[in-house]
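Visitor: The structure is given below, and queries will be raised subsequently.
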4 protein chains.
Amino acid sequence: MDFFKNKQQAEQELGFGSKNYKNSVRFIKNGAINVTRTGLGGLNNLDIYHWLISASKTQLTIAICIWYIAINLLFGAVYYWIGPEYFGGLDADTDSQKFINLFFFSAQTITTLGYGHIYPIGNTASTAASIESLMGLLSFAIATGIIFGRFSRPRADLLYSRNILISPYKDITGLMFRITNKKQYELIESEANVTMTMNNPTTNRREFFNLNLEISRINFLALSWTIVHPIAETSPIYGLSIKELEERDVEIIILIKAINDTFSQTVYSRHSYKIQDFVENVKFKPLNPEAGKNGKLKISVTDIHHFNSVQKS
Amino acid sequence: MDFFKNKQQAEQELGFGSKNYKNSVRFIKNGAINVTRTGLGGLNNLDIYHWLISASKTQLTIAICIWYIAINLLFGAVYYWIGPEYFGGLDADTDSQKFINLFFFSAQTITTLGYGHIYPIGNTASTAASIESLMGLLSFAIATGIIFGRFSRPRADLLYSRNILISPYKDITGLMFRITNKKQYELIESEANVTMTMNNPTTNRREFFNLNLEISRINFLALSWTIVHPIAETSPIYGLSIKELEERDVEIIILIKAINDTFSQTVYSRHSYKIQDFVENVKFKPLNPEAGKNGKLKISVTDIHHFNSVQKS
Amino acid sequence: MDFFKNKQQAEQELGFGSKNYKNSVRFIKNGAINVTRTGLGGLNNLDIYHWLISASKTQLTIAICIWYIAINLLFGAVYYWIGPEYFGGLDADTDSQKFINLFFFSAQTITTLGYGHIYPIGNTASTAASIESLMGLLSFAIATGIIFGRFSRPRADLLYSRNILISPYKDITGLMFRITNKKQYELIESEANVTMTMNNPTTNRREFFNLNLEISRINFLALSWTIVHPIAETSPIYGLSIKELEERDVEIIILIKAINDTFSQTVYSRHSYKIQDFVENVKFKPLNPEAGKNGKLKISVTDIHHFNSVQKS
Amino acid sequence: MDFFKNKQQAEQELGFGSKNYKNSVRFIKNGAINVTRTGLGGLNNLDIYHWLISASKTQLTIAICIWYIAINLLFGAVYYWIGPEYFGGLDADTDSQKFINLFFFSAQTITTLGYGHIYPIGNTASTAASIESLMGLLSFAIATGIIFGRFSRPRADLLYSRNILISPYKDITGLMFRITNKKQYELIESEANVTMTMNNPTTNRREFFNLNLEISRINFLALSWTIVHPIAETSPIYGLSIKELEERDVEIIILIKAINDTFSQTVYSRHSYKIQDFVENVKFKPLNPEAGKNGKLKISVTDIHHFNSVQKS
């Protein structure tokens, strides 16, 4: 699968344009493309399903509780407006208690619980309850869809090394970072694509370069993978100092593709390093997996962050 | 991924045949292939699931309401036919009110609400209610399937520039249009395939040509993508005027493939331009993304429609 | 996407082995591989989910009804064994009627309908009812899963021409069949792979040959696609008569891959032609799509079967 | 589809590192990568959804029962703490029986059964019951998601031959194993990738070699597939005896990719052979499929384990 064509050309189209921004920009942040899109009006840009799928568990719980209280307030009010006398077994003295009991009747109806100690009398009340129970079932059909959508979202829980290193590599130096798989899911057929972007002080345009990798694809992501760009003469960062890279507002943009074979899903992970993540004259400490009983290997995934300083040659 | 083989040959098979239609034809309309298929009989051509997945929200709501009223009328009638005396707590004086109450009893049964203030007496009534509650549960299982099917449909909400431009491109001209991503979903690995079709006045057959593109694939669709076909000497539209293109009933057929990585789905988008969408001697206005705080970029997606006139050389 | 490598080699591995069977064999039947697998014991070969997904609508309805009656008989018997006196509101004179009422109580419990005019008294009866209602909910969760599994199965409703023709093709002849899309789903990126198998009278082994195709891939399957194998000198059937093909128990095995872009699914369709489907000295009648208003095309899909006889040259 | 690039280079990156372990290691066990990942804290390494999807049916049933008893104990306790006098129809003399009845009321509420012979009185009890019924519905939405997730998991039920053979192959020998499809699912487009790993006594590092295969891809996996690595001079195991392979802690790592076209899923299967699985001077017994009526073939899948000894030449 030639997923990434590691093009040699100096400038590669990434869909980010070539404008030279005055401020420092960051194209990838928290694993997402760092762009806001406007111009279509609020409703068009809103995507409720996307929000529900992406929201945190706490946000989702709050949203469900608000919805539940709101719909019961609404139907409680409808039932109160129809008239508490149209509900058998209501058994309340004050108007406010009648409303509260109708609120609970609504809750028993929308969940299709239907104890029946309160029940509708007459056509209007029965119609309203029929509508509410249908809405309840459809709401829970939607909730099921959302919950399954959240479960089945592709997962690539990759851990990236905190820093990107300029380390000795064969006779030259290499730009290196490490990744590992945080979860027990198995990732296979992993592929990496690394792009560098920086401003060109001569043309005053932002340029994008595809960085050649020593190995851009591995069969299993079992322990860890050190991804290496050799800083050879053909490399766009050859001969540039950390200070020059900073002045040019460098960003290393990483796209990892892998297959999560528990779910047979192709998963993508993005990451970027800015100048503050660069470290020179160090090299990664080798991971030290131990072979336990039955030949099972054991690694500590956070060890991928560790590096040692090296003697400058 | 060599998704599209940009074949050089003059005629390419698109599955549209080569008949020269008397009237003007349009192969792609509203993003869909503009073909009606008949010949298998009505039922074979009908696909209820496809309809339910593709219907608008309003259509689906109406369909659900009609189904709900119809099934309750049906079971209300069945219960009335069994006899209102077989239902405890029915509490109605007139026959019509009895039917109405049985209609509401049906609604309480199909939703599995079951207040119980009305309840079946005797074996026939109990059997009918058992069947209805099973049908209710299966109906809502189906509704859940449909709702999830709608949620999980692949989405490529692409915005195409309103016009296709013949603009200066290097030393020659190019056929250009722009696309952008309307939603916050992230599209990666975007690929474009552009085909032109027109009648050949000599052979009196419709011909299809694959148009070579400057770049046919980008890694991210972050801001926008201007897709360019250079009108070089090898181009099938080289030397043809707008008027000639109109006489030949030209259509530009576009197929975009991208990966929506929120859902790890490969999504497809189709579009076509007819002669009324062509504009000469203009060029696209560059988008003007702004870098906000934290280096976040902001663009207005509808800016992709804008173009400026250029001096004819 | 180089899905099919149209290998030139004479013999290609299809996973069917090379045994020369005494009787006539058919490798593909009704679009499925015509093989029964045994040897793992009955339970291991049984796959209930696969059956539920593949069963016809009638089979599934019958299975659901049998399950519903059986589970209610089971729980009705459990409740009767616990004792009818532990169920309030049972209201029956005879033992058999008590059992029937408990059967209906079971139905009201497993569907979570719960009218409440019959209700459990005491711990044993309440425990049984609690277990039944949990089983009911889980059963309907499973039913929802099965229904969605059926809905979301990939669909490639291809229609194959009834016959495979040996027709004039350029200066020679070609082996030709036609396919079209029966449904309103849109199929794109269609690819064909055609294999021929026959016994070799010399080596007394069954051989498999990949047949070269004029075009093995089209972008859209909009109208129809005529798939052509030129019977050139390199073709394994060059010079063989229909009679010889019959003696060698020839089978043409077809695998079509396409993308159903309504659901972004890659779909597969298989078909095979045996000697009785071969017709010589005929050619396909061109389809005659009509351009309607708005440039919409209309075709009758069953026209792909039609052919005309040709003069033998 | 060039899924596996059968690289010729001696050492191939598998993501397993190159440490030479003191003990014998096994990289693949029971079809899974034999690695434990630690270092992120317990909660981060826990993945409840993954567990629920991967658990056996018995484990899942036990988990559901524990959850059901626990949630009813919890809500039973809440209701008891609110006060049994706030529940109508409770009808119990002792405190413990009151608690038990509230436990059953909880079961009727969480399943939305709601018989109604017990019902909440007052705002606190009604609020608690409203919350429980919402939790019930959401729990069953989650259960539906999990059940569908289990159903729709990709399945590649491959059977591997118990042993890996060193058999005569053309003029030399070959390393051979056989696979077949255990289930009625159809697997097409099967691809194999075979890697060998062993310690290098000279460099004291673990090395990985990609083994060249006679055929690495077949169109159908209809009967069985014998995967053959010719032990030619270029093979990394050329000239090594079984004893030497054992000393070097050899492991043959197999990755099979296929398409289950019932569900249009790409499925992966892994297997490994250690030295105890090697057998020399034998060859596989050919399978003996029978052609039944209608040309249907029948095979016994467990026959793939069988082999015969051969005369040493």
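Within each chain, counting starts at residue 1; across the structure tokens, chains are named A, B, ... in the order shown, with ligands numbered 1 upward in that order.
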Could you list, as a PyMOL selection string, every residue of chain C that has an atom within 12 Å of an atom of chain A, counting only C-alpha atoms?
Guide: chain C and resi 1-3+111-117+119+141+144-145+148
Visitor: Write the residues you've just listed into a file as a short mmCIF file (atom, residue, chain, number, x, y, z; two decimals), in the first residue's frame, and include C-alpha atoms for each of them.
Guide:
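Result file follows (selection.cif):
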data_model
loop_
_atom_site.label_atom_id
_atom_site.label_comp_id
_atom_site.auth_asym_id
_atom_site.auth_seq_id
_atom_site.Cartn_x
_atom_site.Cartn_y
_atom_site.Cartn_z
CA MET C 1 -5.68 0.92 -6.67
CA ASP C 2 -4.09 -2.13 -8.17
CA PHE C 3 -6.65 -4.47 -6.65
CA THR C 111 -41.36 -6.78 26.52
CA THR C 112 -41.12 -4.57 29.67
CA LEU C 113 -44.72 -3.60 28.96
CA GLY C 114 -45.77 -4.23 32.57
CA TYR C 115 -49.46 -3.28 32.60
CA GLY C 116 -49.51 -4.28 36.24
CA HIS C 117 -53.02 -5.80 36.36
CA TYR C 119 -48.09 -8.60 39.29
CA ALA C 141 -30.47 -5.30 22.37
CA THR C 144 -31.26 -4.31 17.41
CA GLY C 145 -27.73 -5.48 16.70
CA PHE C 148 -28.54 -3.06 12.12
#
Visitor: Compile the contact shell of range 237-249 of chain C as number ranges by chain: residues with an atom at most 8 Å away, counting only C-alpha atoms, same-chain residues fewer than 5 positions apart removed.
Guide: C: 24-25, 198-201, 231-232, 274-275, 278
Visitor: Now that the selection is made, can you save its residues with N, CA and C atoms as a JSON list (two decimals), in the first residue's frame?
Guide:
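This is the output file again-v5.json:
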[["chain", "number", "residue", "atom", "x", "y", "z"],
["C", 24, "SER", "N", -18.61, -33.37, -13.02],
["C", 24, "SER", "CA", -18.53, -31.95, -13.32],
["C", 24, "SER", "C", -18.63, -31.19, -12.00],
["C", 25, "VAL", "N", -17.80, -30.17, -11.85],
["C", 25, "VAL", "CA", -17.86, -29.37, -10.63],
["C", 25, "VAL", "C", -18.29, -27.95, -10.99],
["C", 198, "MET", "N", -10.41, -25.12, -16.36],
["C", 198, "MET", "CA", -10.83, -26.31, -17.09],
["C", 198, "MET", "C", -9.84, -27.43, -16.82],
["C", 199, "ASN", "N", -10.29, -28.65, -17.09],
["C", 199, "ASN", "CA", -9.40, -29.79, -16.93],
["C", 199, "ASN", "C", -8.43, -29.84, -18.10],
["C", 200, "ASN", "N", -7.21, -30.21, -17.81],
["C", 200, "ASN", "CA", -6.23, -30.41, -18.86],
["C", 200, "ASN", "C", -6.19, -31.90, -19.17],
["C", 201, "PRO", "N", -6.63, -32.30, -20.40],
["C", 201, "PRO", "CA", -6.69, -33.74, -20.69],
["C", 201, "PRO", "C", -5.32, -34.40, -20.71],
["C", 231, "ILE", "N", -9.95, -12.92, -27.50],
["C", 231, "ILE", "CA", -9.45, -14.30, -27.70],
["C", 231, "ILE", "C", -8.30, -14.24, -28.68],
["C", 232, "ALA", "N", -7.19, -13.68, -28.19],
["C", 232, "ALA", "CA", -5.98, -13.58, -29.01],
["C", 232, "ALA", "C", -5.21, -14.90, -28.91],
["C", 274, "LYS", "N", -21.16, -21.41, -16.91],
["C", 274, "LYS", "CA", -20.77, -22.74, -17.35],
["C", 274, "LYS", "C", -21.09, -22.85, -18.86],
["C", 275, "ILE", "N", -20.80, -24.00, -19.42],
["C", 275, "ILE", "CA", -20.85, -24.12, -20.88],
["C", 275, "ILE", "C", -22.24, -23.82, -21.45],
["C", 278, "PHE", "N", -22.81, -20.26, -22.78],
["C", 278, "PHE", "CA", -22.03, -19.73, -23.91],
["C", 278, "PHE", "C", -22.91, -19.61, -25.15]]
Visitor: To one decimal place, how far is CA of Ala32 in chain A from CA of Thr36 in chain D in Å?
Guide: 29.0 Å
Visitor: Could you pull out the residues in range 104-251 of chain D that DSSP calls strand (DSSP E) from the backbone, as a CSV table (one decimal) with C-alpha atoms, in the first residue's frame?
Guide:
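Written output follows (result_32.csv):
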chain,number,residue,atom,x,y,z
D,119,TYR,CA,-45.1,3.1,43.1
D,120,PRO,CA,-43.3,6.1,44.5
D,158,LEU,CA,-8.4,-19.4,10.1
D,159,LEU,CA,-7.1,-22.9,10.9
D,160,TYR,CA,-3.3,-23.2,10.7
D,164,ILE,CA,5.5,-26.3,9.9
D,165,LEU,CA,7.2,-28.7,7.6
D,166,ILE,CA,10.6,-28.8,5.9
D,167,SER,CA,9.6,-30.7,2.8
D,168,PRO,CA,11.0,-31.5,-0.6
D,169,TYR,CA,10.2,-28.6,-2.9
D,172,ILE,CA,15.5,-28.2,-2.9
D,173,THR,CA,13.5,-28.1,0.3
D,174,GLY,CA,10.8,-25.6,1.4
D,175,LEU,CA,9.4,-24.4,4.7
D,176,MET,CA,5.6,-25.1,4.4
D,177,PHE,CA,2.4,-24.7,6.4
D,178,ARG,CA,-1.2,-24.8,5.4
D,179,ILE,CA,-4.2,-22.7,6.3
D,180,THR,CA,-7.9,-23.1,5.7
D,181,ASN,CA,-11.1,-21.2,6.5
D,187,LEU,CA,-12.4,-15.1,2.5
D,188,ILE,CA,-11.1,-13.6,-0.6
D,189,GLU,CA,-7.9,-11.7,-1.6
D,190,SER,CA,-5.8,-13.5,1.0
D,191,GLU,CA,-2.3,-12.3,1.5
D,192,ALA,CA,0.5,-13.8,3.6
D,193,ASN,CA,3.5,-12.2,5.2
D,194,VAL,CA,6.0,-14.5,6.9
D,195,THR,CA,8.9,-13.2,9.1
D,196,MET,CA,11.5,-15.3,10.8
D,197,THR,CA,13.4,-14.0,13.9
D,198,MET,CA,16.4,-15.6,15.6
D,199,ASN,CA,19.3,-14.5,17.7
D,200,ASN,CA,22.6,-13.9,15.8
D,205,ARG,CA,21.4,-9.3,18.6
D,206,ARG,CA,18.0,-10.6,17.6
D,207,GLU,CA,17.5,-10.3,13.9
D,208,PHE,CA,14.4,-10.3,11.8
D,209,PHE,CA,14.1,-11.7,8.2
D,210,ASN,CA,11.3,-11.5,5.8
D,217,ARG,CA,-1.5,-13.9,-2.5
D,218,ILE,CA,-4.5,-15.9,-3.7
D,219,ASN,CA,-7.9,-14.7,-5.0
D,220,PHE,CA,-10.1,-17.1,-3.0
D,225,TRP,CA,-3.6,-22.7,0.9
D,226,THR,CA,-0.2,-24.2,1.3
D,227,ILE,CA,2.3,-21.3,1.9
D,228,VAL,CA,5.8,-22.2,0.8
D,229,HIS,CA,9.1,-20.5,1.6
D,230,PRO,CA,11.7,-22.1,-0.7
D,251,GLU,CA,10.2,-18.0,15.7
Visitor: Per DSSP on the backbone, what are the alpha helix (DSSP H) residues of range 61-260 of chain B, as a PyMOL selection string?
Guide: chain B and resi 61-82+95-110+123-151+242-247
Visitor: Those residues with C-alpha atoms, as a short mmCIF file (atom, residue, chain, number, x, y, z; two decimals), in the first residue's frame please?
Guide:
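Wrote it out as out.cif, contents follow:
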data_model
loop_
_atom_site.label_atom_id
_atom_site.label_comp_id
_atom_site.auth_asym_id
_atom_site.auth_seq_id
_atom_site.Cartn_x
_atom_site.Cartn_y
_atom_site.Cartn_z
CA THR B 61 -40.42 12.61 10.89
CA ILE B 62 -43.55 12.57 8.72
CA ALA B 63 -42.99 8.90 7.87
CA ILE B 64 -42.64 7.99 11.56
CA CYS B 65 -45.78 9.93 12.51
CA ILE B 66 -47.80 8.29 9.72
CA TRP B 67 -46.54 4.87 10.80
CA TYR B 68 -47.42 5.57 14.45
CA ILE B 69 -50.95 6.75 13.68
CA ALA B 70 -51.53 3.92 11.20
CA ILE B 71 -50.36 1.13 13.50
CA ASN B 72 -52.45 2.46 16.35
CA LEU B 73 -55.49 2.79 14.10
CA LEU B 74 -54.90 -0.79 12.99
CA PHE B 75 -54.53 -2.24 16.47
CA GLY B 76 -57.29 0.04 17.82
CA ALA B 77 -59.53 -1.49 15.16
CA VAL B 78 -58.39 -5.02 16.02
CA TYR B 79 -59.13 -4.42 19.71
CA TYR B 80 -62.51 -2.88 18.86
CA TRP B 81 -63.28 -5.90 16.67
CA ILE B 82 -62.33 -8.25 19.56
CA ASP B 95 -68.73 3.48 20.75
CA SER B 96 -66.52 6.12 19.19
CA GLN B 97 -65.00 6.97 22.56
CA LYS B 98 -64.41 3.27 23.13
CA PHE B 99 -62.52 3.10 19.83
CA ILE B 100 -60.52 6.20 20.75
CA ASN B 101 -59.61 4.73 24.13
CA LEU B 102 -58.53 1.50 22.45
CA PHE B 103 -56.42 3.61 20.07
CA PHE B 104 -54.66 5.10 23.10
CA PHE B 105 -54.37 1.65 24.70
CA SER B 106 -52.64 0.57 21.48
CA ALA B 107 -50.21 3.48 21.76
CA GLN B 108 -49.44 2.52 25.36
CA THR B 109 -48.85 -1.06 24.24
CA ILE B 110 -46.69 -0.50 21.15
CA ASN B 123 -57.08 -14.74 25.74
CA THR B 124 -57.85 -13.03 22.43
CA ALA B 125 -57.26 -9.52 23.76
CA SER B 126 -54.12 -10.63 25.61
CA THR B 127 -52.77 -12.34 22.51
CA ALA B 128 -53.32 -9.24 20.39
CA ALA B 129 -51.59 -7.07 22.99
CA SER B 130 -48.67 -9.51 23.19
CA ILE B 131 -48.23 -9.34 19.44
CA GLU B 132 -48.43 -5.57 19.43
CA SER B 133 -45.80 -5.17 22.14
CA LEU B 134 -43.42 -7.48 20.24
CA MET B 135 -44.02 -5.49 17.07
CA GLY B 136 -43.36 -2.33 19.02
CA LEU B 137 -40.00 -3.52 20.25
CA LEU B 138 -38.95 -4.74 16.82
CA SER B 139 -40.07 -1.44 15.26
CA PHE B 140 -37.91 0.48 17.66
CA ALA B 141 -35.01 -1.87 17.00
CA ILE B 142 -35.46 -1.01 13.32
CA ALA B 143 -35.70 2.69 14.16
CA THR B 144 -32.46 2.45 16.11
CA GLY B 145 -30.80 0.77 13.15
CA ILE B 146 -32.01 3.48 10.79
CA ILE B 147 -30.95 6.29 13.10
CA PHE B 148 -27.50 4.82 13.52
CA GLY B 149 -27.31 4.20 9.78
CA ARG B 150 -28.04 7.90 9.21
CA PHE B 151 -25.49 8.97 11.80
CA ILE B 242 -16.28 28.71 -24.93
CA LYS B 243 -18.74 28.76 -27.82
CA GLU B 244 -17.38 25.52 -29.26
CA LEU B 245 -17.46 23.89 -25.85
CA GLU B 246 -21.12 24.89 -25.53
CA GLU B 247 -21.97 23.44 -28.95
#
Visitor: Can you tell me which residues surround range 283-299 of chain A at a distance of at most 8 Å, considering only C-alpha atoms, apart from same-chain residues fewer than 2 positions away, and format the answer as a list in words?
Guide: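 Result of the neighbour search: Leu165, Ile166, Ser167, Pro168, Leu223, Asn281, Val301, Asp303, Ile304, His305, His306, Phe307, Asn308, Ser309 and Val310 of chain A; Tyr21, Lys22, Asn23, Ser24, Val25, Arg26, Phe27, Asn34, Val35, Thr36, Arg37, Thr38 and Gly39 of chain D.
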Visitor: Could you jot down the CA of Glu186 in chain D to CA of Ile259 in chain D separation for me, Å, one decimal place?
Guide: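 For CA of Glu186 in chain D relative to CA of Ile259 in chain D, the distance reads 8.1 Å.
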Visitor: If we count only C-alpha atoms, what is near Ile28 in chain A at a cut-off of 8 Å, once residues fewer than 3 positions away on the same chain are taken out, given as a list of chain:residue names?
Guide: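 The residues that qualify are A:Gly31, A:Ala32, A:Ile33, A:Asn34, A:Ile253, A:Arg270, A:His271, A:Ser272.
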Visitor: Mind dumping the selected residues with N, CA and C atoms as a PDB file, in the first residue's frame?
Guide:
ATOM      1  N   GLY A  31      -3.318  17.197  18.265  1.00  0.00           N
ATOM      2  CA  GLY A  31      -3.678  16.154  17.316  1.00  0.00           C
ATOM      3  C   GLY A  31      -4.722  16.549  16.299  1.00  0.00           C
ATOM      4  N   ALA A  32      -5.079  17.844  16.256  1.00  0.00           N
ATOM      5  CA  ALA A  32      -6.104  18.275  15.304  1.00  0.00           C
ATOM      6  C   ALA A  32      -5.575  19.429  14.460  1.00  0.00           C
ATOM      7  N   ILE A  33      -6.120  19.598  13.272  1.00  0.00           N
ATOM      8  CA  ILE A  33      -5.741  20.720  12.430  1.00  0.00           C
ATOM      9  C   ILE A  33      -6.243  21.993  13.090  1.00  0.00           C
ATOM     10  N   ASN A  34      -5.359  22.952  13.233  1.00  0.00           N
ATOM     11  CA  ASN A  34      -5.617  24.128  14.060  1.00  0.00           C
ATOM     12  C   ASN A  34      -6.252  25.248  13.236  1.00  0.00           C
ATOM     13  N   ILE A 253       5.370  18.439  11.236  1.00  0.00           N
ATOM     14  CA  ILE A 253       4.003  17.924  11.203  1.00  0.00           C
ATOM     15  C   ILE A 253       4.051  16.436  10.902  1.00  0.00           C
ATOM     16  N   ARG A 270      -2.147  12.453  14.483  1.00  0.00           N
ATOM     17  CA  ARG A 270      -1.339  13.597  14.079  1.00  0.00           C
ATOM     18  C   ARG A 270      -0.622  14.171  15.281  1.00  0.00           C
ATOM     19  N   HIS A 271       0.516  14.760  15.028  1.00  0.00           N
ATOM     20  CA  HIS A 271       1.254  15.374  16.111  1.00  0.00           C
ATOM     21  C   HIS A 271       2.120  16.444  15.475  1.00  0.00           C
ATOM     22  N   SER A 272       2.529  17.432  16.265  1.00  0.00           N
ATOM     23  CA  SER A 272       3.511  18.368  15.728  1.00  0.00           C
ATOM     24  C   SER A 272       4.477  18.774  16.822  1.00  0.00           C
TER      25      SER A 272
END
Visitor: Do you have the CA of Gln184 in chain B-CA of Asn30 in chain A distance handy?
Guide: 14.7 Å
Visitor: Excluding Asp277 in chain C and residues on its chain fewer than 4 positions from it, collect all residues at most 8 Å away from it, counting only C-alpha atoms, and give them as a PDB file with C-alpha atoms, in the first residue's frame.
Guide:
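Result written to selection39.pdb:
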ATOM      1  CA  ARG C 162     -27.755 -14.180 -18.824  1.00  0.00           C
ATOM      2  CA  ASN C 163     -25.190 -15.376 -21.386  1.00  0.00           C
ATOM      3  CA  ILE C 164     -21.528 -15.029 -22.104  1.00  0.00           C
ATOM      4  CA  TYR C 273     -20.746 -19.057 -16.376  1.00  0.00           C
TER       5      TYR C 273
END
